[in-house]
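Structure file run.cif (mmCIF, C-alpha atoms (C1' of nucleotides)) follows.
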data_work
loop_
_atom_site.label_atom_id
_atom_site.label_comp_id
_atom_site.auth_asym_id
_atom_site.auth_seq_id
_atom_site.Cartn_x
_atom_site.Cartn_y
_atom_site.Cartn_z
CA MET L 1050 -12.44 -6.05 3.08
CA LEU L 1051 -11.77 -7.86 -0.21
CA SER L 1052 -8.07 -7.56 0.61
CA LYS L 1053 -8.48 -9.89 3.54
CA ARG L 1054 -7.55 -13.43 2.70
CA TRP L 1055 -10.51 -15.79 1.98
CA ASN L 1056 -13.15 -13.04 1.90
CA ALA L 1057 -13.40 -12.99 -1.88
CA LEU L 1058 -13.79 -16.76 -2.01
CA ILE L 1059 -16.38 -16.71 0.77
CA ILE L 1060 -18.45 -14.10 -1.01
CA PHE L 1061 -18.04 -15.85 -4.32
CA SER L 1062 -19.31 -19.11 -2.91
CA LEU L 1063 -22.34 -17.36 -1.42
CA LEU L 1064 -23.27 -15.56 -4.63
CA GLY L 1065 -25.00 -18.65 -5.96
CA GLU L 1066 -27.02 -19.81 -2.99
CA SER L 1067 -26.90 -19.79 0.79
CA GLN L 1068 -24.49 -22.29 2.21
CA ARG L 1069 -23.89 -24.22 5.38
CA PHE L 1070 -20.79 -23.91 7.48
CA CYS L 1071 -19.43 -27.38 6.79
CA THR L 1072 -20.11 -27.12 3.05
CA MET L 1073 -18.11 -23.91 2.91
CA THR L 1074 -15.08 -25.23 4.74
CA GLU L 1075 -14.93 -28.08 2.25
CA SER L 1076 -15.54 -26.17 -0.95
CA ILE L 1077 -13.29 -23.24 -0.06
CA GLY L 1078 -10.58 -25.17 1.72
CA ILE L 1079 -10.52 -22.85 4.72
CA SER L 1080 -10.21 -24.04 8.30
CA ASN L 1081 -13.26 -23.77 10.55
CA ARG L 1082 -11.43 -21.38 12.84
CA LEU L 1083 -10.87 -18.85 10.10
CA LEU L 1084 -14.23 -19.37 8.42
CA SER L 1085 -15.92 -18.68 11.73
CA GLU L 1086 -13.85 -15.55 12.25
CA ARG L 1087 -14.38 -14.24 8.70
CA LEU L 1088 -18.13 -14.88 8.76
CA LYS L 1089 -18.47 -12.94 12.01
CA GLU L 1090 -16.61 -9.99 10.52
CA LEU L 1091 -18.64 -10.11 7.32
CA GLU L 1092 -21.84 -10.27 9.34
CA LYS L 1093 -20.75 -7.23 11.34
CA ASP L 1094 -20.01 -5.42 8.06
CA GLY L 1095 -23.55 -6.17 6.89
CA ILE L 1096 -22.45 -8.34 3.99
CA VAL L 1097 -23.53 -11.75 5.25
CA THR L 1098 -26.52 -12.95 7.26
CA ARG L 1099 -26.67 -16.00 9.47
CA ASN L 1100 -29.84 -18.09 9.43
CA VAL L 1101 -30.40 -20.70 12.11
CA TYR L 1102 -32.68 -23.68 11.49
CA PRO L 1103 -33.22 -25.41 14.85
CA GLU L 1104 -33.32 -28.94 13.53
CA THR L 1105 -31.22 -31.69 14.97
CA PRO L 1106 -28.43 -31.47 14.39
CA VAL L 1107 -28.80 -27.71 14.03
CA ARG L 1108 -28.47 -26.34 10.51
CA ILE L 1109 -27.06 -22.90 9.93
CA GLU L 1110 -27.04 -21.27 6.55
CA TYR L 1111 -25.13 -18.20 5.55
CA SER L 1112 -26.30 -15.93 2.75
CA LEU L 1113 -25.52 -12.52 1.31
CA THR L 1114 -27.34 -9.33 2.16
CA GLU L 1115 -28.21 -6.83 -0.55
CA LYS L 1116 -24.89 -5.12 0.16
CA GLY L 1117 -23.16 -8.44 -0.32
CA ARG L 1118 -24.99 -9.30 -3.53
CA ALA L 1119 -24.02 -5.89 -4.87
CA LEU L 1120 -20.47 -7.24 -5.08
CA ALA L 1121 -21.47 -9.56 -7.92
CA PRO L 1122 -20.18 -7.21 -10.67
CA VAL L 1123 -16.81 -6.99 -8.91
CA MET L 1124 -16.53 -10.76 -8.80
CA GLU L 1125 -17.55 -11.01 -12.44
CA GLU L 1126 -14.80 -8.65 -13.52
CA ILE L 1127 -12.28 -10.60 -11.49
CA GLN L 1128 -13.43 -13.78 -13.21
CA LYS L 1129 -13.15 -12.21 -16.64
CA TRP L 1130 -9.65 -10.97 -15.89
CA SER L 1131 -8.44 -14.30 -14.59
CA GLN L 1132 -9.87 -16.22 -17.52
CA GLU L 1133 -8.05 -13.92 -19.89
CA TRP L 1134 -4.76 -13.53 -18.06
CA LEU L 1135 -4.11 -16.47 -15.80
CA PRO L 1136 -2.85 -19.83 -17.01
CA VAL L 1137 -5.27 -22.71 -16.51
CA GLN L 1138 -4.58 -24.48 -13.25
CA GLU L 1139 -4.96 -28.09 -12.24
CA ALA L 1140 -7.87 -28.48 -9.85
CA PRO L 1141 -6.62 -29.30 -6.34
CA GLU L 1142 -6.71 -33.03 -5.81
CA GLU L 1143 -9.81 -34.43 -4.12
CA LYS L 1144 -9.29 -36.10 -0.79
CA GLN L 1145 -10.77 -39.53 -1.39
CA ALA L 1146 -11.65 -42.16 1.12
CA PRO L 1147 -9.23 -44.99 0.45
CA THR L 1148 -10.90 -47.54 -1.83
CA VAL L 1149 -11.25 -51.00 -0.38
CA ARG L 1150 -10.60 -53.80 -2.85
CA MET W 680 -3.19 -11.64 -5.72
CA LEU W 681 -5.81 -8.95 -5.03
CA SER W 682 -6.40 -10.66 -1.69
CA LYS W 683 -2.93 -9.73 -0.54
CA ARG W 684 -2.95 -6.62 1.56
CA TRP W 685 -1.89 -3.39 -0.26
CA ASN W 686 -1.92 -4.92 -3.74
CA ALA W 687 -5.24 -3.37 -4.72
CA LEU W 688 -4.07 0.06 -3.55
CA ILE W 689 -0.75 -0.30 -5.34
CA ILE W 690 -2.44 -1.21 -8.60
CA PHE W 691 -5.02 1.51 -8.16
CA SER W 692 -2.36 4.13 -7.68
CA LEU W 693 -0.54 2.96 -10.82
CA LEU W 694 -3.66 2.97 -13.00
CA GLY W 695 -3.34 6.71 -13.55
CA GLU W 696 0.32 7.13 -14.30
CA SER W 697 3.65 5.58 -13.48
CA GLN W 698 4.89 6.42 -10.02
CA ARG W 699 8.13 6.63 -8.12
CA PHE W 700 8.90 4.58 -5.07
CA CYS W 701 8.86 7.42 -2.57
CA THR W 702 5.66 8.90 -4.01
CA MET W 703 3.92 5.58 -3.57
CA THR W 704 4.93 5.06 0.04
CA GLU W 705 3.50 8.48 0.86
CA SER W 706 0.28 8.28 -1.10
CA ILE W 707 -0.55 4.71 -0.10
CA GLY W 708 0.72 4.84 3.46
CA ILE W 709 2.67 1.62 3.15
CA SER W 710 6.14 1.10 4.59
CA ASN W 711 9.06 0.93 2.21
CA ARG W 712 9.83 -2.61 3.27
CA LEU W 713 6.43 -3.89 2.25
CA LEU W 714 6.18 -1.73 -0.86
CA SER W 715 9.49 -3.13 -2.02
CA GLU W 716 8.33 -6.69 -1.34
CA ARG W 717 4.94 -6.23 -3.04
CA LEU W 718 6.43 -4.54 -6.11
CA LYS W 719 8.87 -7.41 -6.57
CA GLU W 720 6.05 -9.92 -6.39
CA LEU W 721 3.87 -7.93 -8.78
CA GLU W 722 6.79 -7.61 -11.18
CA LYS W 723 7.32 -11.37 -11.07
CA ASP W 724 3.60 -11.86 -11.76
CA GLY W 725 3.94 -9.67 -14.84
CA ILE W 726 1.63 -6.96 -13.55
CA VAL W 727 4.14 -4.19 -12.87
CA THR W 728 7.29 -3.05 -14.66
CA ARG W 729 10.23 -1.25 -13.12
CA ASN W 730 11.85 1.54 -15.14
CA VAL W 731 15.21 2.89 -14.08
CA TYR W 732 16.31 6.40 -15.08
CA PRO W 733 20.01 6.73 -14.23
CA GLU W 734 19.95 10.37 -13.21
CA THR W 735 21.38 11.59 -9.98
CA PRO W 736 19.88 10.76 -7.66
CA VAL W 737 18.52 7.77 -9.55
CA ARG W 738 14.85 7.85 -10.46
CA ILE W 739 12.85 4.65 -10.63
CA GLU W 740 9.32 4.57 -11.92
CA TYR W 741 6.86 1.75 -11.63
CA SER W 742 4.08 1.28 -14.14
CA LEU W 743 1.49 -1.34 -15.09
CA THR W 744 1.91 -3.87 -17.86
CA GLU W 745 -0.99 -4.69 -20.17
CA LYS W 746 -1.96 -7.46 -17.78
CA GLY W 747 -1.97 -4.92 -14.97
CA ARG W 748 -3.97 -2.32 -16.88
CA ALA W 749 -6.51 -5.05 -17.66
CA LEU W 750 -7.46 -4.87 -13.98
CA ALA W 751 -8.99 -1.42 -14.51
CA PRO W 752 -12.58 -2.74 -14.84
CA VAL W 753 -12.18 -4.66 -11.59
CA MET W 754 -11.04 -1.55 -9.79
CA GLU W 755 -13.88 0.46 -11.30
CA GLU W 756 -16.46 -1.98 -10.01
CA ILE W 757 -14.89 -1.88 -6.57
CA GLN W 758 -15.07 1.91 -6.64
CA LYS W 759 -18.72 1.88 -7.69
CA TRP W 760 -19.58 -0.56 -4.93
CA SER W 761 -17.81 1.40 -2.24
CA GLN W 762 -19.36 4.69 -3.31
CA GLU W 763 -22.78 3.14 -3.09
CA TRP W 764 -22.36 1.06 0.05
CA LEU W 765 -19.65 2.47 2.27
CA PRO W 766 -20.10 5.49 4.52
CA VAL W 767 -17.96 8.49 3.60
CA GLN W 768 -14.76 8.47 5.58
CA GLU W 769 -12.64 11.28 6.93
CA ALA W 770 -9.42 11.55 4.95
CA PRO W 771 -6.45 10.50 7.07
CA GLU W 772 -4.88 13.57 8.63
CA GLU W 773 -1.92 15.09 6.81
CA LYS W 774 1.34 15.09 8.65
CA GLN W 775 2.25 18.74 8.73
CA ALA W 776 5.52 20.38 9.58
CA PRO W 777 4.90 22.24 12.81
CA THR W 778 4.10 25.88 12.06
CA VAL W 779 6.50 28.39 13.53
CA ARG W 780 4.85 31.51 14.86
"C1'" DT U 1348 -23.97 -45.59 27.87
"C1'" DA U 1349 -21.60 -44.83 23.74
"C1'" DT U 1350 -21.35 -42.77 19.17
"C1'" DA U 1351 -22.03 -39.58 15.57
"C1'" DG U 1352 -23.21 -35.05 13.34
"C1'" DT U 1353 -22.96 -29.96 13.39
"C1'" DT U 1354 -21.06 -25.54 14.61
"C1'" DG U 1355 -18.04 -23.66 16.52
"C1'" DT U 1356 -13.80 -22.41 20.31
"C1'" DT U 1357 -9.08 -22.91 22.38
"C1'" DA U 1358 -4.20 -23.47 22.29
"C1'" DC U 1359 -0.07 -22.90 20.13
"C1'" DG U 1360 3.69 -22.80 16.65
"C1'" DA U 1361 4.53 -20.72 11.99
"C1'" DA U 1362 4.16 -17.15 8.76
"C1'" DT U 1363 3.37 -12.40 7.63
"C1'" DA U 1364 3.06 -7.43 8.66
"C1'" DG U 1365 4.78 -3.24 10.78
"C1'" DT U 1366 8.49 -0.16 12.65
"C1'" DA U 1367 12.78 1.79 12.85
"C1'" DA U 1368 17.41 1.94 11.96
"C1'" DC U 1369 20.73 1.34 8.57
"C1'" DC U 1370 23.21 0.83 3.71
"C1'" DG U 1371 25.37 2.15 -0.85
"C1'" DA U 1372 25.78 5.15 -4.52
"C1'" DT U 1373 26.14 9.84 -5.96
"C1'" DA U 1374 26.50 14.84 -5.70
"C1'" DG U 1375 27.30 19.39 -3.54
"C1'" DG U 1376 29.60 22.31 -0.53
"C1'" DA U 1377 33.01 23.73 3.41
"C1'" DT Y 129 39.05 15.47 2.55
"C1'" DC Y 130 34.94 15.42 5.30
"C1'" DC Y 131 30.17 16.34 6.06
"C1'" DT Y 132 25.47 16.46 4.48
"C1'" DA Y 133 21.56 15.23 1.70
"C1'" DT Y 134 18.62 12.26 -1.60
"C1'" DC Y 135 16.89 7.98 -3.49
"C1'" DG Y 136 15.70 3.31 -3.33
"C1'" DG Y 137 15.83 0.05 -0.91
"C1'" DT Y 138 17.65 -3.90 3.37
"C1'" DT Y 139 18.17 -5.65 7.89
"C1'" DA Y 140 16.76 -6.56 12.44
"C1'" DC Y 141 13.31 -7.02 15.52
"C1'" DT Y 142 8.51 -7.01 17.48
"C1'" DA Y 143 3.49 -7.49 16.87
"C1'" DT Y 144 -0.24 -9.51 14.58
"C1'" DT Y 145 -2.49 -12.98 11.92
"C1'" DC Y 146 -2.79 -17.64 10.00
"C1'" DG Y 147 -3.00 -22.65 10.05
"C1'" DT Y 148 -3.48 -27.04 12.41
"C1'" DA Y 149 -5.19 -29.91 15.70
"C1'" DA Y 150 -7.66 -30.90 19.61
"C1'" DC Y 151 -11.67 -30.14 22.14
"C1'" DA Y 152 -16.62 -28.38 23.57
"C1'" DA Y 153 -21.75 -28.19 23.62
"C1'" DC Y 154 -25.87 -29.90 22.02
"C1'" DT Y 155 -28.86 -33.66 20.68
"C1'" DA Y 156 -30.45 -37.77 18.25
"C1'" DT Y 157 -29.77 -42.57 17.55
"C1'" DA Y 158 -27.87 -47.40 18.54
#
How does the structure come out when it is put into structure tokens?
Amino acid sequence: MLSKRWNALIIFSLLGESQRFCTMTESIGISNRLLSERLKELEKDGIVTRNVYPETPVRIEYSLTEKGRALAPVMEEIQKWSQEWLPVQEAPEEKQAPTVR
Amino acid sequence: MLSKRWNALIIFSLLGESQRFCTMTESIGISNRLLSERLKELEKDGIVTRNVYPETPVRIEYSLTEKGRALAPVMEEIQKWSQEWLPVQEAPEEKQAPTVR
DNA sequence: TATAGTTGTTACGAATAGTAACCGATAGGA
DNA sequence: TCCTATCGGTTACTATTCGTAACAACTATA
């Protein structure tokens, strides 16, 4: 499951707090097609839950189940390893709205 | 890198001891095409080293670098998680030579 | 009516994975 | 010499998955 592209990043971004769909696409840099697909799979695997808030426009938040939160130590070890062994990378450039002068 | 299919299994199987190409294809269940491709990538990333023993037929053993062995804690946490949260699976059936009666 | 925000779905070309056949070097035996 | 076998891969081809863009359904607001 962690070997599937994006899943580690999805879980990582949910470890902190529950997140909305559109927030996740932006912060992870995944397309909505794939995020939708991955979240369905993770929900079926019992790692993620989907919470619907029927406001307008509808708000949907995804969060981790206990099984999902139990992956925290795995993610921590991955972080430790990458801090020690991977060269520091430039952050990907922000897409800015063109500034009007 | 761990998100690429097979890489976690390849590293896991090298954590114990160095392995030959043909042993790895059998134990992991990966095709030789992909194993070859993945090992090249992992070698380029400095995670795996390739040792050639010019016997006949030639013997080639793959082993982990220090950077690769540093992934041991990650793999351990993954193991712990799966033992706690994943149902026990049937081992994939061995391919047996047909028994002659 | 038109527009915008949110969470998706559909369509389709591009990239990656999987399968099977083949290659080159070497050695052993007929 | 010719055939066979082993090892560590390549090559060729098909199937699956990914990535991008366009669109859909719902509803509130202008």
Chain fit of chain W to chain L, all Cα atoms, as a PDB file with C-alpha atoms, in the coordinates of the input:
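In the end it all went to result36.pdb:
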ATOM      1  CA  MET W 680     -12.407  -6.019   3.072  1.00  0.00           C
ATOM      2  CA  LEU W 681     -11.753  -7.840  -0.220  1.00  0.00           C
ATOM      3  CA  SER W 682      -8.052  -7.552   0.584  1.00  0.00           C
ATOM      4  CA  LYS W 683      -8.459  -9.860   3.540  1.00  0.00           C
ATOM      5  CA  ARG W 684      -7.537 -13.394   2.680  1.00  0.00           C
ATOM      6  CA  TRP W 685     -10.505 -15.754   1.981  1.00  0.00           C
ATOM      7  CA  ASN W 686     -13.129 -13.004   1.896  1.00  0.00           C
ATOM      8  CA  ALA W 687     -13.383 -12.950  -1.888  1.00  0.00           C
ATOM      9  CA  LEU W 688     -13.782 -16.736  -1.991  1.00  0.00           C
ATOM     10  CA  ILE W 689     -16.366 -16.686   0.780  1.00  0.00           C
ATOM     11  CA  ILE W 690     -18.435 -14.065  -0.998  1.00  0.00           C
ATOM     12  CA  PHE W 691     -18.027 -15.821  -4.314  1.00  0.00           C
ATOM     13  CA  SER W 692     -19.285 -19.071  -2.891  1.00  0.00           C
ATOM     14  CA  LEU W 693     -22.328 -17.323  -1.399  1.00  0.00           C
ATOM     15  CA  LEU W 694     -23.244 -15.511  -4.618  1.00  0.00           C
ATOM     16  CA  GLY W 695     -24.992 -18.608  -5.939  1.00  0.00           C
ATOM     17  CA  GLU W 696     -27.000 -19.756  -2.975  1.00  0.00           C
ATOM     18  CA  SER W 697     -26.892 -19.748   0.787  1.00  0.00           C
ATOM     19  CA  GLN W 698     -24.474 -22.255   2.229  1.00  0.00           C
ATOM     20  CA  ARG W 699     -23.915 -24.179   5.413  1.00  0.00           C
ATOM     21  CA  PHE W 700     -20.817 -23.886   7.514  1.00  0.00           C
ATOM     22  CA  CYS W 701     -19.448 -27.344   6.822  1.00  0.00           C
ATOM     23  CA  THR W 702     -20.131 -27.078   3.085  1.00  0.00           C
ATOM     24  CA  MET W 703     -18.141 -23.875   2.944  1.00  0.00           C
ATOM     25  CA  THR W 704     -15.094 -25.201   4.755  1.00  0.00           C
ATOM     26  CA  GLU W 705     -14.942 -28.060   2.261  1.00  0.00           C
ATOM     27  CA  SER W 706     -15.565 -26.126  -0.921  1.00  0.00           C
ATOM     28  CA  ILE W 707     -13.299 -23.207  -0.038  1.00  0.00           C
ATOM     29  CA  GLY W 708     -10.583 -25.152   1.735  1.00  0.00           C
ATOM     30  CA  ILE W 709     -10.513 -22.829   4.713  1.00  0.00           C
ATOM     31  CA  SER W 710     -10.216 -24.004   8.307  1.00  0.00           C
ATOM     32  CA  ASN W 711     -13.252 -23.757  10.530  1.00  0.00           C
ATOM     33  CA  ARG W 712     -11.471 -21.366  12.844  1.00  0.00           C
ATOM     34  CA  LEU W 713     -10.863 -18.830  10.117  1.00  0.00           C
ATOM     35  CA  LEU W 714     -14.220 -19.349   8.425  1.00  0.00           C
ATOM     36  CA  SER W 715     -15.918 -18.656  11.726  1.00  0.00           C
ATOM     37  CA  GLU W 716     -13.832 -15.516  12.247  1.00  0.00           C
ATOM     38  CA  ARG W 717     -14.369 -14.207   8.699  1.00  0.00           C
ATOM     39  CA  LEU W 718     -18.121 -14.856   8.761  1.00  0.00           C
ATOM     40  CA  LYS W 719     -18.454 -12.921  12.008  1.00  0.00           C
ATOM     41  CA  GLU W 720     -16.589  -9.987  10.525  1.00  0.00           C
ATOM     42  CA  LEU W 721     -18.613 -10.078   7.313  1.00  0.00           C
ATOM     43  CA  GLU W 722     -21.818 -10.245   9.335  1.00  0.00           C
ATOM     44  CA  LYS W 723     -20.737  -7.205  11.339  1.00  0.00           C
ATOM     45  CA  ASP W 724     -19.972  -5.390   8.072  1.00  0.00           C
ATOM     46  CA  GLY W 725     -23.507  -6.123   6.902  1.00  0.00           C
ATOM     47  CA  ILE W 726     -22.426  -8.298   3.996  1.00  0.00           C
ATOM     48  CA  VAL W 727     -23.502 -11.715   5.263  1.00  0.00           C
ATOM     49  CA  THR W 728     -26.492 -12.907   7.280  1.00  0.00           C
ATOM     50  CA  ARG W 729     -26.644 -15.966   9.488  1.00  0.00           C
ATOM     51  CA  ASN W 730     -29.841 -18.032   9.428  1.00  0.00           C
ATOM     52  CA  VAL W 731     -30.421 -20.632  12.100  1.00  0.00           C
ATOM     53  CA  TYR W 732     -32.758 -23.580  11.483  1.00  0.00           C
ATOM     54  CA  PRO W 733     -33.324 -25.316  14.828  1.00  0.00           C
ATOM     55  CA  GLU W 734     -33.515 -28.855  13.511  1.00  0.00           C
ATOM     56  CA  THR W 735     -31.482 -31.653  14.926  1.00  0.00           C
ATOM     57  CA  PRO W 736     -28.661 -31.436  14.365  1.00  0.00           C
ATOM     58  CA  VAL W 737     -28.977 -27.679  13.981  1.00  0.00           C
ATOM     59  CA  ARG W 738     -28.600 -26.282  10.487  1.00  0.00           C
ATOM     60  CA  ILE W 739     -27.105 -22.855   9.948  1.00  0.00           C
ATOM     61  CA  GLU W 740     -27.064 -21.206   6.570  1.00  0.00           C
ATOM     62  CA  TYR W 741     -25.124 -18.157   5.555  1.00  0.00           C
ATOM     63  CA  SER W 742     -26.300 -15.897   2.769  1.00  0.00           C
ATOM     64  CA  LEU W 743     -25.484 -12.476   1.318  1.00  0.00           C
ATOM     65  CA  THR W 744     -27.315  -9.288   2.174  1.00  0.00           C
ATOM     66  CA  GLU W 745     -28.165  -6.772  -0.540  1.00  0.00           C
ATOM     67  CA  LYS W 746     -24.859  -5.068   0.165  1.00  0.00           C
ATOM     68  CA  GLY W 747     -23.131  -8.404  -0.320  1.00  0.00           C
ATOM     69  CA  ARG W 748     -24.974  -9.270  -3.523  1.00  0.00           C
ATOM     70  CA  ALA W 749     -23.990  -5.839  -4.853  1.00  0.00           C
ATOM     71  CA  LEU W 750     -20.448  -7.213  -5.064  1.00  0.00           C
ATOM     72  CA  ALA W 751     -21.477  -9.516  -7.921  1.00  0.00           C
ATOM     73  CA  PRO W 752     -20.178  -7.171 -10.669  1.00  0.00           C
ATOM     74  CA  VAL W 753     -16.820  -6.961  -8.913  1.00  0.00           C
ATOM     75  CA  MET W 754     -16.549 -10.719  -8.792  1.00  0.00           C
ATOM     76  CA  GLU W 755     -17.576 -10.989 -12.433  1.00  0.00           C
ATOM     77  CA  GLU W 756     -14.821  -8.641 -13.514  1.00  0.00           C
ATOM     78  CA  ILE W 757     -12.302 -10.600 -11.484  1.00  0.00           C
ATOM     79  CA  GLN W 758     -13.471 -13.788 -13.179  1.00  0.00           C
ATOM     80  CA  LYS W 759     -13.192 -12.244 -16.638  1.00  0.00           C
ATOM     81  CA  TRP W 760      -9.694 -11.009 -15.895  1.00  0.00           C
ATOM     82  CA  SER W 761      -8.483 -14.326 -14.577  1.00  0.00           C
ATOM     83  CA  GLN W 762      -9.938 -16.265 -17.492  1.00  0.00           C
ATOM     84  CA  GLU W 763      -8.134 -13.997 -19.889  1.00  0.00           C
ATOM     85  CA  TRP W 764      -4.831 -13.610 -18.072  1.00  0.00           C
ATOM     86  CA  LEU W 765      -4.181 -16.542 -15.782  1.00  0.00           C
ATOM     87  CA  PRO W 766      -2.954 -19.932 -16.962  1.00  0.00           C
ATOM     88  CA  VAL W 767      -5.406 -22.783 -16.427  1.00  0.00           C
ATOM     89  CA  GLN W 768      -4.691 -24.529 -13.171  1.00  0.00           C
ATOM     90  CA  GLU W 769      -5.053 -28.137 -12.140  1.00  0.00           C
ATOM     91  CA  ALA W 770      -7.967 -28.522  -9.748  1.00  0.00           C
ATOM     92  CA  PRO W 771      -6.735 -29.368  -6.257  1.00  0.00           C
ATOM     93  CA  GLU W 772      -6.807 -33.122  -5.782  1.00  0.00           C
ATOM     94  CA  GLU W 773      -9.877 -34.574  -4.093  1.00  0.00           C
ATOM     95  CA  LYS W 774      -9.314 -36.298  -0.819  1.00  0.00           C
ATOM     96  CA  GLN W 775     -10.667 -39.751  -1.453  1.00  0.00           C
ATOM     97  CA  ALA W 776     -11.494 -42.489   0.981  1.00  0.00           C
ATOM     98  CA  PRO W 777      -8.980 -45.227   0.304  1.00  0.00           C
ATOM     99  CA  THR W 778     -10.506 -47.822  -2.018  1.00  0.00           C
ATOM    100  CA  VAL W 779     -10.760 -51.304  -0.592  1.00  0.00           C
ATOM    101  CA  ARG W 780      -9.989 -54.046  -3.064  1.00  0.00           C
TER     102      ARG W 780
END
Please provide the set of residues having any atom within 12 Å of Glu1092 (chain L), restricted to all atoms listed in the file, with same-chain residues fewer than 3 positions apart removed, written as a list in words.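 The neighbour list is Asn1056, Ile1060, Leu1084, Ser1085, Glu1086, Arg1087, Leu1088, Lys1089, Gly1095, Ile1096, Val1097, Thr1098, Arg1099, Asn1100, Tyr1111, Ser1112, Leu1113, Thr1114, Lys1116 and Gly1117 of chain L.
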Go ahead and write the selection's residues with C-alpha atoms as a PDB file, in the coordinates of the input.
ATOM      1  CA  ASN L1056     -13.150 -13.040   1.900  1.00  0.00           C
ATOM      2  CA  ILE L1060     -18.450 -14.100  -1.010  1.00  0.00           C
ATOM      3  CA  LEU L1084     -14.230 -19.370   8.420  1.00  0.00           C
ATOM      4  CA  SER L1085     -15.920 -18.680  11.730  1.00  0.00           C
ATOM      5  CA  GLU L1086     -13.850 -15.550  12.250  1.00  0.00           C
ATOM      6  CA  ARG L1087     -14.380 -14.240   8.700  1.00  0.00           C
ATOM      7  CA  LEU L1088     -18.130 -14.880   8.760  1.00  0.00           C
ATOM      8  CA  LYS L1089     -18.470 -12.940  12.010  1.00  0.00           C
ATOM      9  CA  GLY L1095     -23.550  -6.170   6.890  1.00  0.00           C
ATOM     10  CA  ILE L1096     -22.450  -8.340   3.990  1.00  0.00           C
ATOM     11  CA  VAL L1097     -23.530 -11.750   5.250  1.00  0.00           C
ATOM     12  CA  THR L1098     -26.520 -12.950   7.260  1.00  0.00           C
ATOM     13  CA  ARG L1099     -26.670 -16.000   9.470  1.00  0.00           C
ATOM     14  CA  ASN L1100     -29.840 -18.090   9.430  1.00  0.00           C
ATOM     15  CA  TYR L1111     -25.130 -18.200   5.550  1.00  0.00           C
ATOM     16  CA  SER L1112     -26.300 -15.930   2.750  1.00  0.00           C
ATOM     17  CA  LEU L1113     -25.520 -12.520   1.310  1.00  0.00           C
ATOM     18  CA  THR L1114     -27.340  -9.330   2.160  1.00  0.00           C
ATOM     19  CA  LYS L1116     -24.890  -5.120   0.160  1.00  0.00           C
ATOM     20  CA  GLY L1117     -23.160  -8.440  -0.320  1.00  0.00           C
TER      21      GLY L1117
END
Residues in the PyMOL selection byres ((chain L) within 12 of (chain U)), expressed as a list of chain:residue names: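 Applied to this file, the PyMOL selection byres ((chain L) within 12 of (chain U)) selects L:Arg1069, L:Phe1070, L:Cys1071, L:Thr1072, L:Thr1074, L:Ser1080, L:Asn1081, L:Arg1082, L:Leu1083, L:Leu1084, L:Ser1085, L:Glu1086, L:Leu1088, L:Lys1089, L:Val1101, L:Tyr1102, L:Pro1103, L:Glu1104, L:Thr1105, L:Pro1106, L:Val1107, L:Arg1108, L:Ile1109, L:Glu1110.
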Write a file of the selected residues as an mmCIF file, in the coordinates of the input, keeping C-alpha atoms.
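Resulting contents of part.cif:
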data_model
loop_
_atom_site.group_PDB
_atom_site.id
_atom_site.type_symbol
_atom_site.label_atom_id
_atom_site.label_comp_id
_atom_site.auth_asym_id
_atom_site.auth_seq_id
_atom_site.Cartn_x
_atom_site.Cartn_y
_atom_site.Cartn_z
ATOM 1 C CA ARG L 1069 -23.890 -24.220 5.380
ATOM 2 C CA PHE L 1070 -20.790 -23.910 7.480
ATOM 3 C CA CYS L 1071 -19.430 -27.380 6.790
ATOM 4 C CA THR L 1072 -20.110 -27.120 3.050
ATOM 5 C CA THR L 1074 -15.080 -25.230 4.740
ATOM 6 C CA SER L 1080 -10.210 -24.040 8.300
ATOM 7 C CA ASN L 1081 -13.260 -23.770 10.550
ATOM 8 C CA ARG L 1082 -11.430 -21.380 12.840
ATOM 9 C CA LEU L 1083 -10.870 -18.850 10.100
ATOM 10 C CA LEU L 1084 -14.230 -19.370 8.420
ATOM 11 C CA SER L 1085 -15.920 -18.680 11.730
ATOM 12 C CA GLU L 1086 -13.850 -15.550 12.250
ATOM 13 C CA LEU L 1088 -18.130 -14.880 8.760
ATOM 14 C CA LYS L 1089 -18.470 -12.940 12.010
ATOM 15 C CA VAL L 1101 -30.400 -20.700 12.110
ATOM 16 C CA TYR L 1102 -32.680 -23.680 11.490
ATOM 17 C CA PRO L 1103 -33.220 -25.410 14.850
ATOM 18 C CA GLU L 1104 -33.320 -28.940 13.530
ATOM 19 C CA THR L 1105 -31.220 -31.690 14.970
ATOM 20 C CA PRO L 1106 -28.430 -31.470 14.390
ATOM 21 C CA VAL L 1107 -28.800 -27.710 14.030
ATOM 22 C CA ARG L 1108 -28.470 -26.340 10.510
ATOM 23 C CA ILE L 1109 -27.060 -22.900 9.930
ATOM 24 C CA GLU L 1110 -27.040 -21.270 6.550
#
Please find the residues of chain Y near chain L - the criterion being any atom within 10 Å, counting all atoms listed in the file - and write them as an NGL selection string. :Y and (146-148 or 154-156)
For CA of Lys759 (chain W) and CA of Ile707 (chain W), determine how far apart the two atoms are, in Å to one decimal place.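 Computing it gives 19.9 Å between the two atoms.
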Reference answer for the PyMOL selection byres ((chain W) within 10 of (chain L)), as an MDAnalysis selection string: chainID W and resid 680:688 724 745:747 749:761 763:765
